[in-house]
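What follows is the content of protein.cif (mmCIF, C-alpha atoms).
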```
data_final
loop_
_atom_site.label_atom_id
_atom_site.label_comp_id
_atom_site.auth_asym_id
_atom_site.auth_seq_id
_atom_site.Cartn_x
_atom_site.Cartn_y
_atom_site.Cartn_z
CA MET A 1 37.66 -71.87 49.85
CA GLU A 2 40.50 -69.78 51.26
CA GLN A 3 39.10 -66.57 49.79
CA GLN A 4 37.13 -64.46 52.24
CA ARG A 5 35.20 -62.56 49.58
CA ILE A 6 34.55 -62.30 45.84
CA ASP A 7 35.21 -58.91 44.28
CA LEU A 8 33.43 -59.57 40.98
CA LEU A 9 31.16 -62.32 39.73
CA VAL A 10 30.49 -62.41 36.00
CA HIS A 11 27.39 -64.55 35.49
CA HIS A 12 24.59 -65.40 33.06
CA ILE A 13 27.20 -66.08 30.37
CA GLY A 14 25.71 -67.66 27.25
CA GLU A 15 28.94 -69.25 26.04
CA LEU A 16 32.11 -69.15 28.12
CA ILE A 17 35.42 -70.04 26.50
CA THR A 18 38.09 -70.31 29.18
CA MET A 19 40.91 -71.72 26.99
CA ALA A 20 41.74 -74.03 29.89
CA GLY A 21 44.05 -76.91 29.03
CA GLU A 22 47.65 -77.97 29.00
CA ALA A 23 50.30 -75.38 29.73
CA GLY A 24 52.29 -73.88 26.88
CA ALA A 25 51.51 -72.63 23.41
CA ARG A 26 49.17 -74.83 21.40
CA THR A 27 50.19 -76.59 18.21
CA GLY A 28 48.54 -78.76 15.58
CA SER A 29 45.02 -79.98 16.32
CA ARG A 30 45.25 -78.52 19.83
CA MET A 31 44.77 -75.06 18.32
CA ALA A 32 41.20 -76.03 17.39
CA ASP A 33 40.46 -77.64 20.77
CA VAL A 34 38.35 -74.87 22.25
CA PRO A 35 35.65 -76.27 24.55
CA VAL A 36 32.60 -74.10 25.18
CA VAL A 37 30.83 -73.90 28.53
CA LYS A 38 27.13 -73.22 28.13
CA GLY A 39 25.73 -71.07 30.91
CA GLY A 40 28.98 -70.08 32.59
CA ALA A 41 30.29 -67.77 35.30
CA VAL A 42 33.64 -66.34 36.41
CA ALA A 43 34.52 -65.41 40.00
CA ILE A 44 37.32 -62.91 40.66
CA ARG A 45 39.21 -61.80 43.77
CA ASP A 46 42.13 -59.36 43.98
CA GLY A 47 42.37 -59.21 40.20
CA VAL A 48 42.79 -62.98 39.86
CA ILE A 49 40.47 -65.74 38.64
CA VAL A 50 39.07 -67.78 41.54
CA ALA A 51 36.72 -70.01 39.56
CA ALA A 52 35.47 -70.27 35.97
CA GLY A 53 33.07 -72.79 34.47
CA PRO A 54 29.40 -73.76 34.61
CA GLU A 55 27.55 -71.19 36.71
CA ALA A 56 26.13 -73.78 39.09
CA ASP A 57 29.63 -75.11 39.79
CA VAL A 58 31.11 -71.64 40.29
CA ARG A 59 28.33 -70.61 42.65
CA ALA A 60 28.84 -73.83 44.61
CA GLN A 61 32.57 -73.07 44.94
CA ILE A 62 31.96 -69.56 46.28
CA ALA A 63 28.91 -70.40 48.38
CA GLY A 64 28.84 -68.39 51.60
CA LEU A 65 31.32 -65.77 50.42
CA PRO A 66 30.18 -62.16 50.06
CA VAL A 67 30.17 -60.85 46.49
CA ALA A 68 31.02 -57.16 46.17
CA GLN A 69 29.90 -56.74 42.54
CA GLU A 70 27.98 -58.80 40.02
CA LEU A 71 28.18 -58.36 36.26
CA ASP A 72 25.38 -59.83 34.15
CA ALA A 73 26.64 -60.98 30.74
CA HIS A 74 23.04 -61.21 29.47
CA GLY A 75 23.65 -64.51 27.69
CA ARG A 76 26.56 -63.21 25.64
CA LEU A 77 29.91 -64.74 24.67
CA VAL A 78 32.84 -64.40 27.11
CA THR A 79 36.48 -65.10 26.25
CA PRO A 80 39.85 -64.31 27.79
CA GLY A 81 41.15 -60.81 27.15
CA LEU A 82 42.73 -60.65 23.71
CA VAL A 83 46.51 -60.37 23.35
CA ASP A 84 48.18 -58.39 20.54
CA PRO A 85 51.77 -59.68 20.35
CA HIS A 86 53.22 -57.39 17.64
CA THR A 87 52.64 -53.63 17.37
CA HIS A 88 54.62 -50.50 16.60
CA LEU A 89 52.45 -48.52 18.99
CA VAL A 90 54.63 -45.48 19.64
CA HIS A 91 55.41 -43.34 16.60
CA GLY A 92 55.02 -39.88 15.17
CA GLY A 93 53.12 -38.81 12.10
CA SER A 94 51.02 -40.73 9.61
CA ARG A 95 51.52 -41.97 6.05
CA GLU A 96 48.17 -41.78 4.34
CA HIS A 97 49.87 -39.99 1.41
CA GLU A 98 51.44 -43.34 0.50
CA LEU A 99 48.04 -44.82 -0.32
CA ALA A 100 47.99 -43.22 -3.77
CA MET A 101 51.49 -44.57 -4.44
CA LYS A 102 50.35 -48.05 -3.52
CA LEU A 103 47.29 -47.77 -5.75
CA GLN A 104 49.58 -46.83 -8.62
CA GLY A 105 51.54 -50.03 -8.07
CA ALA A 106 54.48 -48.93 -5.93
CA THR A 107 55.74 -51.76 -3.73
CA TYR A 108 56.71 -51.53 -0.07
CA LEU A 109 60.43 -51.61 -0.91
CA GLU A 110 60.01 -49.07 -3.74
CA ILE A 111 58.32 -46.60 -1.40
CA LEU A 112 61.12 -47.16 1.08
CA ALA A 113 63.76 -46.53 -1.59
CA GLN A 114 62.12 -43.16 -2.36
CA GLY A 115 62.60 -42.01 1.24
CA GLY A 116 59.11 -42.98 2.33
CA GLY A 117 58.04 -45.88 4.48
CA ILE A 118 59.79 -46.39 7.77
CA LEU A 119 62.23 -43.55 7.13
CA SER A 120 59.33 -41.09 6.80
CA THR A 121 58.02 -42.17 10.19
CA VAL A 122 61.52 -41.92 11.64
CA ARG A 123 61.66 -38.25 10.70
CA ALA A 124 58.24 -37.61 12.27
CA THR A 125 59.12 -39.52 15.43
CA ARG A 126 62.42 -37.73 15.90
CA SER A 127 60.71 -34.34 15.63
CA ALA A 128 57.90 -35.21 18.05
CA THR A 129 58.16 -34.55 21.77
CA GLU A 130 57.76 -37.34 24.27
CA ASP A 131 54.41 -35.93 25.39
CA GLU A 132 53.18 -35.76 21.79
CA LEU A 133 54.15 -39.39 21.25
CA TYR A 134 52.43 -40.32 24.51
CA ALA A 135 49.16 -38.63 23.56
CA LYS A 136 49.11 -40.23 20.10
CA ALA A 137 49.95 -43.70 21.40
CA LYS A 138 47.35 -43.43 24.18
CA ARG A 139 44.61 -42.82 21.62
CA SER A 140 45.62 -45.97 19.79
CA LEU A 141 45.88 -47.93 23.02
CA ASP A 142 42.35 -46.83 23.95
CA THR A 143 41.17 -48.16 20.58
CA LEU A 144 42.94 -51.47 21.15
CA LEU A 145 41.27 -51.74 24.55
CA LEU A 146 37.85 -51.01 23.05
CA GLN A 147 38.56 -53.87 20.61
CA GLY A 148 39.09 -56.28 23.52
CA VAL A 149 42.91 -56.18 23.76
CA THR A 150 44.08 -56.35 27.37
CA THR A 151 47.77 -57.15 26.80
CA CYS A 152 49.88 -55.73 24.00
CA GLU A 153 53.47 -55.71 22.79
CA ALA A 154 54.98 -52.35 21.75
CA LYS A 155 58.17 -52.00 19.70
CA SER A 156 60.48 -49.04 19.31
CA GLY A 157 62.31 -48.65 16.01
CA TYR A 158 61.26 -45.25 14.70
CA GLY A 159 64.01 -43.30 16.43
CA LEU A 160 67.18 -45.00 15.19
CA THR A 161 69.35 -42.85 17.45
CA LEU A 162 70.01 -43.75 21.05
CA GLU A 163 68.06 -40.81 22.45
CA ASP A 164 65.10 -41.18 20.10
CA GLU A 165 64.85 -44.92 20.74
CA LEU A 166 64.92 -44.24 24.48
CA LYS A 167 62.22 -41.60 23.96
CA GLN A 168 59.92 -44.20 22.41
CA LEU A 169 60.68 -46.74 25.10
CA ARG A 170 60.02 -44.22 27.88
CA VAL A 171 56.60 -43.54 26.36
CA THR A 172 55.84 -47.26 26.43
CA LYS A 173 56.91 -47.41 30.08
CA ARG A 174 54.71 -44.43 31.01
CA LEU A 175 51.71 -45.91 29.20
CA ASN A 176 52.20 -49.26 30.88
CA GLU A 177 52.11 -47.55 34.26
CA ALA A 178 49.07 -45.38 33.50
CA HIS A 179 46.86 -47.37 31.12
CA PRO A 180 44.75 -50.49 31.81
CA VAL A 181 46.30 -52.38 28.87
CA GLU A 182 49.47 -54.18 29.95
CA LEU A 183 52.35 -53.35 27.61
CA VAL A 184 55.33 -55.58 26.87
CA SER A 185 58.26 -53.53 25.58
CA THR A 186 60.50 -54.54 22.69
CA PHE A 187 63.61 -52.64 21.56
CA MET A 188 63.87 -52.54 17.77
CA GLY A 189 66.68 -50.15 17.01
CA ALA A 190 67.46 -52.49 14.10
CA HIS A 191 64.22 -51.62 12.30
CA MET A 192 65.98 -49.81 9.48
CA VAL A 193 69.39 -48.34 8.67
CA PRO A 194 68.87 -44.57 9.20
CA GLU A 195 69.52 -42.13 6.40
CA GLU A 196 72.67 -40.78 8.03
CA TYR A 197 74.16 -44.31 7.91
CA LYS A 198 73.19 -45.02 4.30
CA GLY A 199 75.84 -47.30 2.81
CA ARG A 200 77.34 -47.88 6.26
CA SER A 201 75.08 -50.52 7.74
CA ALA A 202 78.02 -52.21 9.48
CA ASP A 203 78.67 -49.00 11.43
CA TYR A 204 75.03 -48.77 12.44
CA VAL A 205 75.02 -52.40 13.58
CA LYS A 206 77.99 -51.54 15.81
CA LEU A 207 76.05 -48.59 17.24
CA VAL A 208 73.08 -50.82 18.06
CA ILE A 209 75.28 -53.45 19.71
CA ARG A 210 77.77 -51.26 21.53
CA GLU A 211 75.66 -48.30 22.62
CA MET A 212 71.93 -48.86 22.27
CA LEU A 213 71.48 -52.38 23.61
CA PRO A 214 73.61 -51.86 26.77
CA GLU A 215 71.85 -48.58 27.62
CA VAL A 216 68.36 -49.96 27.06
CA LYS A 217 69.28 -52.89 29.29
CA ARG A 218 70.78 -50.64 31.98
CA LEU A 219 67.62 -48.55 32.10
CA GLY A 220 65.33 -51.60 32.05
CA LEU A 221 63.22 -50.17 29.23
CA ALA A 222 62.71 -53.33 27.15
CA GLU A 223 62.26 -57.04 27.69
CA PHE A 224 62.82 -58.15 24.10
CA CYS A 225 64.96 -57.22 21.10
CA ASP A 226 63.67 -57.47 17.54
CA VAL A 227 65.39 -57.08 14.13
CA PHE A 228 63.98 -56.52 10.63
CA CYS A 229 65.78 -59.20 8.62
CA GLU A 230 64.99 -58.38 5.01
CA HIS A 231 66.59 -57.49 1.68
CA GLY A 232 67.66 -53.86 1.82
CA VAL A 233 67.35 -53.73 5.59
CA PHE A 234 69.45 -56.11 7.76
CA SER A 235 71.04 -59.24 6.35
CA PRO A 236 70.75 -62.58 8.14
CA GLU A 237 74.39 -62.16 9.23
CA GLU A 238 73.77 -58.68 10.66
CA SER A 239 70.54 -59.84 12.27
CA GLU A 240 72.30 -62.75 13.94
CA GLU A 241 75.05 -60.48 15.23
CA ILE A 242 72.55 -58.09 16.81
CA LEU A 243 70.31 -60.77 18.30
CA ALA A 244 73.24 -62.76 19.66
CA ALA A 245 74.48 -59.62 21.39
CA ALA A 246 70.98 -59.01 22.78
CA LYS A 247 70.75 -62.58 24.10
CA ALA A 248 74.14 -62.16 25.81
CA LEU A 249 72.73 -59.14 27.64
CA GLY A 250 69.67 -61.08 28.78
CA PHE A 251 67.06 -59.88 26.29
CA GLY A 252 64.52 -62.25 24.85
CA VAL A 253 64.80 -62.18 21.06
CA LYS A 254 62.34 -61.86 18.18
CA ILE A 255 62.78 -61.43 14.45
CA HIS A 256 60.86 -59.92 11.52
CA ALA A 257 61.54 -62.84 9.19
CA ASP A 258 61.00 -63.61 5.51
CA GLU A 259 58.27 -61.03 5.00
CA ILE A 260 59.08 -60.27 1.37
CA GLU A 261 61.94 -62.56 0.36
CA PRO A 262 63.01 -65.98 1.73
CA LEU A 263 66.32 -64.88 3.26
CA GLY A 264 66.46 -67.57 5.93
CA GLY A 265 65.05 -65.50 8.75
CA ALA A 266 62.84 -68.36 9.93
CA GLU A 267 65.86 -70.68 10.03
CA LEU A 268 67.74 -68.03 12.01
CA ALA A 269 64.86 -67.78 14.47
CA GLY A 270 65.21 -71.50 15.10
CA LYS A 271 68.99 -71.31 15.39
CA LEU A 272 68.83 -68.52 17.97
CA GLY A 273 65.83 -69.90 19.84
CA CYS A 274 63.75 -66.76 19.34
CA ILE A 275 60.54 -66.59 21.33
CA SER A 276 58.75 -65.68 18.09
CA ALA A 277 59.26 -64.96 14.40
CA GLU A 278 56.96 -62.45 12.71
CA HIS A 279 55.43 -62.08 9.21
CA LEU A 280 56.83 -65.24 7.49
CA LEU A 281 55.03 -64.76 4.16
CA ALA A 282 58.03 -66.02 2.19
CA ALA A 283 59.33 -68.53 4.74
CA THR A 284 60.10 -72.06 3.54
CA ASP A 285 59.07 -75.39 5.03
CA ALA A 286 62.66 -75.81 6.18
CA GLY A 287 62.33 -72.55 8.06
CA PHE A 288 59.07 -73.67 9.64
CA GLU A 289 60.66 -76.93 10.74
CA ALA A 290 63.60 -75.08 12.29
CA MET A 291 61.17 -72.89 14.21
CA ARG A 292 59.09 -75.87 15.31
CA ASP A 293 62.10 -77.76 16.57
CA ALA A 294 63.20 -74.75 18.63
CA GLY A 295 59.71 -73.96 19.95
CA VAL A 296 59.51 -70.61 18.14
CA ILE A 297 55.99 -69.17 17.84
CA ALA A 298 54.89 -67.99 14.39
CA VAL A 299 53.22 -64.58 14.58
CA CYS A 300 51.16 -64.00 11.45
CA LEU A 301 50.04 -60.50 10.46
CA PRO A 302 47.19 -60.85 7.94
CA ALA A 303 46.18 -57.18 8.04
CA THR A 304 49.62 -56.29 6.67
CA SER A 305 49.44 -58.54 3.61
CA PHE A 306 45.83 -57.40 3.12
CA ASN A 307 46.77 -53.70 3.26
CA LEU A 308 49.77 -54.20 0.96
CA ARG A 309 47.43 -55.96 -1.49
CA LEU A 310 49.69 -58.96 -1.67
CA LYS A 311 48.56 -62.08 -3.48
CA GLN A 312 50.50 -64.18 -1.01
CA HIS A 313 49.62 -64.57 2.65
CA ALA A 314 51.36 -66.36 5.47
CA ARG A 315 50.91 -70.13 5.10
CA ALA A 316 49.28 -70.58 8.46
CA ARG A 317 47.63 -73.89 7.55
CA ARG A 318 51.01 -75.33 6.57
CA MET A 319 52.52 -74.06 9.80
CA ILE A 320 49.85 -75.87 11.79
CA GLU A 321 50.32 -79.05 9.73
CA LEU A 322 54.04 -78.97 10.55
CA GLY A 323 53.38 -78.54 14.27
CA LEU A 324 54.05 -74.83 14.77
CA ALA A 325 52.21 -72.70 17.30
CA VAL A 326 50.56 -69.82 15.42
CA ALA A 327 49.61 -66.44 16.85
CA LEU A 328 47.89 -63.48 15.18
CA SER A 329 48.50 -59.77 15.60
CA THR A 330 47.46 -56.41 14.16
CA ASP A 331 51.04 -55.29 13.40
CA TYR A 332 49.61 -51.83 14.12
CA ASN A 333 51.96 -49.34 12.48
CA PRO A 334 51.62 -46.16 10.39
CA GLY A 335 52.60 -47.72 7.08
CA SER A 336 51.90 -51.34 6.24
CA SER A 337 49.13 -51.97 8.77
CA PRO A 338 47.51 -48.78 10.09
CA THR A 339 44.80 -50.52 12.11
CA GLU A 340 44.16 -51.23 15.77
CA SER A 341 41.35 -53.67 14.95
CA ILE A 342 42.23 -57.09 16.32
CA GLN A 343 38.74 -58.20 15.29
CA LEU A 344 39.50 -57.39 11.64
CA VAL A 345 42.64 -59.50 12.05
CA MET A 346 40.50 -62.34 13.36
CA THR A 347 38.33 -62.14 10.24
CA LEU A 348 41.35 -62.06 7.95
CA GLY A 349 42.80 -64.99 9.87
CA CYS A 350 39.77 -66.97 8.74
CA LEU A 351 39.31 -65.61 5.20
CA ASN A 352 42.93 -65.16 4.07
CA LEU A 353 44.87 -67.61 6.24
CA GLY A 354 42.25 -70.36 6.32
CA LEU A 355 42.04 -70.70 10.09
CA THR A 356 38.87 -71.76 11.87
CA PRO A 357 37.29 -69.42 14.44
CA GLU A 358 38.57 -71.74 17.17
CA GLU A 359 42.13 -71.60 15.83
CA VAL A 360 41.86 -67.83 15.53
CA LEU A 361 40.82 -67.48 19.17
CA THR A 362 43.75 -69.64 20.25
CA ALA A 363 46.00 -67.43 18.13
CA VAL A 364 44.87 -64.19 19.84
CA THR A 365 44.81 -65.56 23.40
CA VAL A 366 46.98 -68.45 24.55
CA ASN A 367 49.51 -68.47 21.71
CA ALA A 368 49.76 -64.69 21.53
CA ALA A 369 50.40 -64.57 25.27
CA HIS A 370 53.24 -67.08 24.95
CA ALA A 371 54.69 -65.11 22.01
CA ILE A 372 55.43 -62.25 24.42
CA GLY A 373 56.34 -64.25 27.49
CA ARG A 374 53.04 -63.80 29.31
CA GLY A 375 51.52 -67.25 28.93
CA ASP A 376 51.76 -67.94 32.64
CA ARG A 377 49.64 -64.88 33.48
CA VAL A 378 47.16 -64.16 30.69
CA GLY A 379 45.51 -65.80 27.72
CA SER A 380 43.11 -68.12 29.57
CA LEU A 381 40.49 -67.92 32.29
CA VAL A 382 41.77 -70.42 34.83
CA PRO A 383 42.18 -70.10 38.60
CA GLY A 384 45.32 -68.22 39.54
CA LYS A 385 45.62 -66.25 36.30
CA GLN A 386 44.99 -62.56 35.84
CA ALA A 387 41.30 -61.71 35.53
CA ASP A 388 41.27 -60.33 31.98
CA LEU A 389 38.11 -61.09 30.00
CA VAL A 390 35.90 -59.79 27.22
CA ILE A 391 32.12 -59.87 26.91
CA PHE A 392 31.24 -59.82 23.21
CA ASP A 393 27.82 -58.75 21.98
CA ALA A 394 27.60 -62.08 20.21
CA ALA A 395 25.96 -65.40 20.94
CA ASN A 396 28.87 -67.54 19.82
CA LEU A 397 32.51 -67.41 18.74
CA ALA A 398 31.98 -67.83 14.99
CA TYR A 399 29.81 -64.72 14.86
CA VAL A 400 32.75 -62.44 15.75
CA PRO A 401 34.90 -63.05 12.63
CA TYR A 402 31.82 -63.76 10.49
CA HIS A 403 30.14 -60.37 11.02
CA PHE A 404 33.14 -58.22 10.18
CA GLY A 405 33.83 -54.49 10.06
CA ILE A 406 32.23 -53.63 13.40
CA ASN A 407 33.32 -53.80 17.02
CA HIS A 408 31.55 -56.61 18.89
CA VAL A 409 32.97 -55.75 22.33
CA ASP A 410 30.46 -54.80 25.01
CA THR A 411 32.54 -55.09 28.18
CA VAL A 412 36.21 -55.56 29.05
CA VAL A 413 37.52 -56.58 32.47
CA LYS A 414 41.25 -56.03 33.10
CA GLY A 415 42.81 -57.27 36.30
CA GLY A 416 39.37 -57.70 37.81
CA LYS A 417 38.24 -54.14 37.02
CA VAL A 418 35.65 -53.14 34.44
CA VAL A 419 37.52 -50.86 32.03
CA VAL A 420 35.08 -50.92 29.08
CA ARG A 421 31.32 -50.88 29.64
CA ASP A 422 28.61 -50.75 26.98
CA GLY A 423 31.31 -50.37 24.35
CA ARG A 424 32.74 -47.23 25.99
CA LEU A 425 35.88 -46.61 28.01
CA ALA A 426 35.17 -46.89 31.74
CA TYR A 427 38.58 -46.49 33.38
#
```

Now that the file is in, can you turn its structure into structure tokens?
Amino acid sequence: MEQQRIDLLVHHIGELITMAGEAGARTGSRMADVPVVKGGAVAIRDGVIVAAGPEADVRAQIAGLPVAQELDAHGRLVTPGLVDPHTHLVHGGSREHELAMKLQGATYLEILAQGGGILSTVRATRSATEDELYAKAKRSLDTLLLQGVTTCEAKSGYGLTLEDELKQLRVTKRLNEAHPVELVSTFMGAHMVPEEYKGRSADYVKLVIREMLPEVKRLGLAEFCDVFCEHGVFSPEESEEILAAAKALGFGVKIHADEIEPLGGAELAGKLGCISAEHLLAATDAGFEAMRDAGVIAVCLPATSFNLRLKQHARARRMIELGLAVALSTDYNPGSSPTESIQLVMTLGCLNLGLTPEEVLTAVTVNAAHAIGRGDRVGSLVPGKQADLVIFDAANLAYVPYHFGINHVDTVVKGGKVVVRDGRLAY
């Protein structure tokens, strides 16, 4: 061994799931290929995995090296740190008043047409200070961490002016520098046409392309660009124009596609070679095939369709049959999915999308990591990758989505440091 010491040894693991295997996002039957190591251990140095596997093998690999700290898993389940690849983390206000409207039968688009929905959050976000947004987002990020999330995407899109979008993105940057959870920033100025541009969407598209995208790129505040391609929001033609401009500037591209109506967003994701397409409740098989052929990852958001009380959910089983890589996410946002519970999403992935616990774990680790361009660093416990792991107070994987409505996380290790201990923040 080249290492001169071991900083942390996690041992006495009941079931260890490393997600080791071929590189890249997993498709088809490979999503269910989740080997379990009985009686495992993980050795960590300088925030990186040195060895992971059967405890006897790991101890043999590190024999003779001093171990600075040992962490007893007490026979519990250990997995890679969970990855949440789609959130609207930074925003002002809350929209609990819309619950009564929903219960009376108002649809998402009807609430939006009445000045609620995203536009309501835009007003709250614009009026909030940067420090207020930071404090609110930090509370949510702490909750995500307590749920086992160690890497998370965060979108803007509630400012819809250059300065307010930059305000959101600066908050994401500050949180990424100060908080244990690693944040991946996405610019989503094309989340909605703001009220002041009502009836002038073409002018707003020009603003996004000519002013917002270049300035976000110049300041280095986002890695990806996302667009809400939906009836009453941005057309496929407008979405393509924005994403093509973003690609030309060097952004990776994503798309909110076919959430409510089959507008061809999935097909557009394939055409543009998006890293991921999100929602996809109304996407067609032709759209899935276009995504598959271009290597686009399908990010399903079952908490959103659950919260909106939709009868239709994303056809994750069909996606897998057609050879798509599927990821899962909370879609944490103040309207359609006001939850930071990735474990609830795991349960809904089983109950409403029909995924097995093994497929669900793949969807919130390896595939989710690839959906935000982090597959080479996180999502599995293999030598050379970042030492992000979760100790669940569970004996096996199936117990986590089966026993729903509670938090099963006991301990979280991020970058080799214990940041949650006994279910409490420890950073």

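Closest approach to A:Ser276 among A:Phe288, A:Phe306, A:Phe392, A:Tyr402: A:Phe288, based on all atoms listed in the file.
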
note - atom CA of A:Asp226 and atom CA of A:Gly273 are separated by 12.8 Å

Here atom CA of A:Arg45 and atom CA of A:Leu82 stand apart by 20.4 Å

_Once the PyMOL selection byres ((chain A and resi 339-356) around 9) has been evaluated on this model, what residues remain selected, and can you format them as a PyMOL selection string?_
chain A and resi 32+82-84+87+140-141+143-144+147-149+300-303+306+313-317+328-334+337-338+357-361+363-364+398+400-408

How would the residues just picked look written out with C-alpha atoms as a CSV table (one decimal), in the frame of the given file?
```
chain,number,residue,atom,x,y,z
A,32,ALA,CA,41.2,-76.0,17.4
A,82,LEU,CA,42.7,-60.6,23.7
A,83,VAL,CA,46.5,-60.4,23.4
A,84,ASP,CA,48.2,-58.4,20.5
A,87,THR,CA,52.6,-53.6,17.4
A,140,SER,CA,45.6,-46.0,19.8
A,141,LEU,CA,45.9,-47.9,23.0
A,143,THR,CA,41.2,-48.2,20.6
A,144,LEU,CA,42.9,-51.5,21.2
A,147,GLN,CA,38.6,-53.9,20.6
A,148,GLY,CA,39.1,-56.3,23.5
A,149,VAL,CA,42.9,-56.2,23.8
A,300,CYS,CA,51.2,-64.0,11.4
A,301,LEU,CA,50.0,-60.5,10.5
A,302,PRO,CA,47.2,-60.8,7.9
A,303,ALA,CA,46.2,-57.2,8.0
A,306,PHE,CA,45.8,-57.4,3.1
A,313,HIS,CA,49.6,-64.6,2.6
A,314,ALA,CA,51.4,-66.4,5.5
A,315,ARG,CA,50.9,-70.1,5.1
A,316,ALA,CA,49.3,-70.6,8.5
A,317,ARG,CA,47.6,-73.9,7.6
A,328,LEU,CA,47.9,-63.5,15.2
A,329,SER,CA,48.5,-59.8,15.6
A,330,THR,CA,47.5,-56.4,14.2
A,331,ASP,CA,51.0,-55.3,13.4
A,332,TYR,CA,49.6,-51.8,14.1
A,333,ASN,CA,52.0,-49.3,12.5
A,334,PRO,CA,51.6,-46.2,10.4
A,337,SER,CA,49.1,-52.0,8.8
A,338,PRO,CA,47.5,-48.8,10.1
A,357,PRO,CA,37.3,-69.4,14.4
A,358,GLU,CA,38.6,-71.7,17.2
A,359,GLU,CA,42.1,-71.6,15.8
A,360,VAL,CA,41.9,-67.8,15.5
A,361,LEU,CA,40.8,-67.5,19.2
A,363,ALA,CA,46.0,-67.4,18.1
A,364,VAL,CA,44.9,-64.2,19.8
A,398,ALA,CA,32.0,-67.8,15.0
A,400,VAL,CA,32.8,-62.4,15.8
A,401,PRO,CA,34.9,-63.0,12.6
A,402,TYR,CA,31.8,-63.8,10.5
A,403,HIS,CA,30.1,-60.4,11.0
A,404,PHE,CA,33.1,-58.2,10.2
A,405,GLY,CA,33.8,-54.5,10.1
A,406,ILE,CA,32.2,-53.6,13.4
A,407,ASN,CA,33.3,-53.8,17.0
A,408,HIS,CA,31.6,-56.6,18.9
```

Could you pull the residues within 12 Å of A:Val412, counting all atoms listed in the file, minus those fewer than 3 positions along the same chain, as a compact mmCIF listing (two decimals) with C-alpha atoms, in the frame of the given file?
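Below you can see out36.txt, which holds the result:
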```txt
# COMPACT_ATOMS: atom_id res chain seq x y z
CA VAL A 10 30.49 -62.41 36.00
CA LEU A 71 28.18 -58.36 36.26
CA ALA A 73 26.64 -60.98 30.74
CA LEU A 77 29.91 -64.74 24.67
CA VAL A 78 32.84 -64.40 27.11
CA THR A 79 36.48 -65.10 26.25
CA PRO A 80 39.85 -64.31 27.79
CA GLY A 81 41.15 -60.81 27.15
CA LEU A 82 42.73 -60.65 23.71
CA ASP A 142 42.35 -46.83 23.95
CA LEU A 144 42.94 -51.47 21.15
CA LEU A 145 41.27 -51.74 24.55
CA LEU A 146 37.85 -51.01 23.05
CA GLN A 147 38.56 -53.87 20.61
CA GLY A 148 39.09 -56.28 23.52
CA VAL A 149 42.91 -56.18 23.76
CA THR A 150 44.08 -56.35 27.37
CA THR A 151 47.77 -57.15 26.80
CA PRO A 180 44.75 -50.49 31.81
CA VAL A 181 46.30 -52.38 28.87
CA ALA A 387 41.30 -61.71 35.53
CA ASP A 388 41.27 -60.33 31.98
CA LEU A 389 38.11 -61.09 30.00
CA VAL A 390 35.90 -59.79 27.22
CA ILE A 391 32.12 -59.87 26.91
CA PHE A 392 31.24 -59.82 23.21
CA ASP A 393 27.82 -58.75 21.98
CA HIS A 408 31.55 -56.61 18.89
CA VAL A 409 32.97 -55.75 22.33
CA GLY A 415 42.81 -57.27 36.30
CA GLY A 416 39.37 -57.70 37.81
CA LYS A 417 38.24 -54.14 37.02
CA VAL A 418 35.65 -53.14 34.44
CA VAL A 419 37.52 -50.86 32.03
CA VAL A 420 35.08 -50.92 29.08
CA ARG A 421 31.32 -50.88 29.64
CA ASP A 422 28.61 -50.75 26.98
CA GLY A 423 31.31 -50.37 24.35
CA ARG A 424 32.74 -47.23 25.99
CA LEU A 425 35.88 -46.61 28.01
CA ALA A 426 35.17 -46.89 31.74
CA TYR A 427 38.58 -46.49 33.38
```

Give me the residues within 8 Å of A:Gly189 as number ranges by chain, counting all atoms listed in the file and dropping any in the same chain fewer than 3 places off.
-> A: 156-161, 165, 192, 208, 212, 226-227

Residues from last step as file, C-alpha atoms, as a PDB file, in the frame of the given file:
```
ATOM      1  CA  SER A 156      60.480 -49.040  19.310  1.00  0.00           C
ATOM      2  CA  GLY A 157      62.310 -48.650  16.010  1.00  0.00           C
ATOM      3  CA  TYR A 158      61.260 -45.250  14.700  1.00  0.00           C
ATOM      4  CA  GLY A 159      64.010 -43.300  16.430  1.00  0.00           C
ATOM      5  CA  LEU A 160      67.180 -45.000  15.190  1.00  0.00           C
ATOM      6  CA  THR A 161      69.350 -42.850  17.450  1.00  0.00           C
ATOM      7  CA  GLU A 165      64.850 -44.920  20.740  1.00  0.00           C
ATOM      8  CA  MET A 192      65.980 -49.810   9.480  1.00  0.00           C
ATOM      9  CA  VAL A 208      73.080 -50.820  18.060  1.00  0.00           C
ATOM     10  CA  MET A 212      71.930 -48.860  22.270  1.00  0.00           C
ATOM     11  CA  ASP A 226      63.670 -57.470  17.540  1.00  0.00           C
ATOM     12  CA  VAL A 227      65.390 -57.080  14.130  1.00  0.00           C
TER      13      VAL A 227
END
```

Inset, instruction - Give the answer as one residue: which of A:Val67, A:Ala369, A:Val205, A:Leu169 has the shortest atom-to-atom distance to A:Leu219, using only C-alpha atoms? - result: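 Checking each of A:Val67, A:Ala369, A:Val205, A:Leu169 against A:Leu219, counting only C-alpha atoms, the winner is A:Leu169.
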
Show me as number ranges by chain the residues that reach within 12 Å of (37.9, -79.0, 31.0), counting all atoms listed in the file and using the file's own coordinates.
A: 16-22, 33-37, 52-54, 381-382

Quick check on the file I pasted: which residues fall under the PyMOL selection byres ((chain A and resi 244) around 12)? Write them as a count of residues only.
30
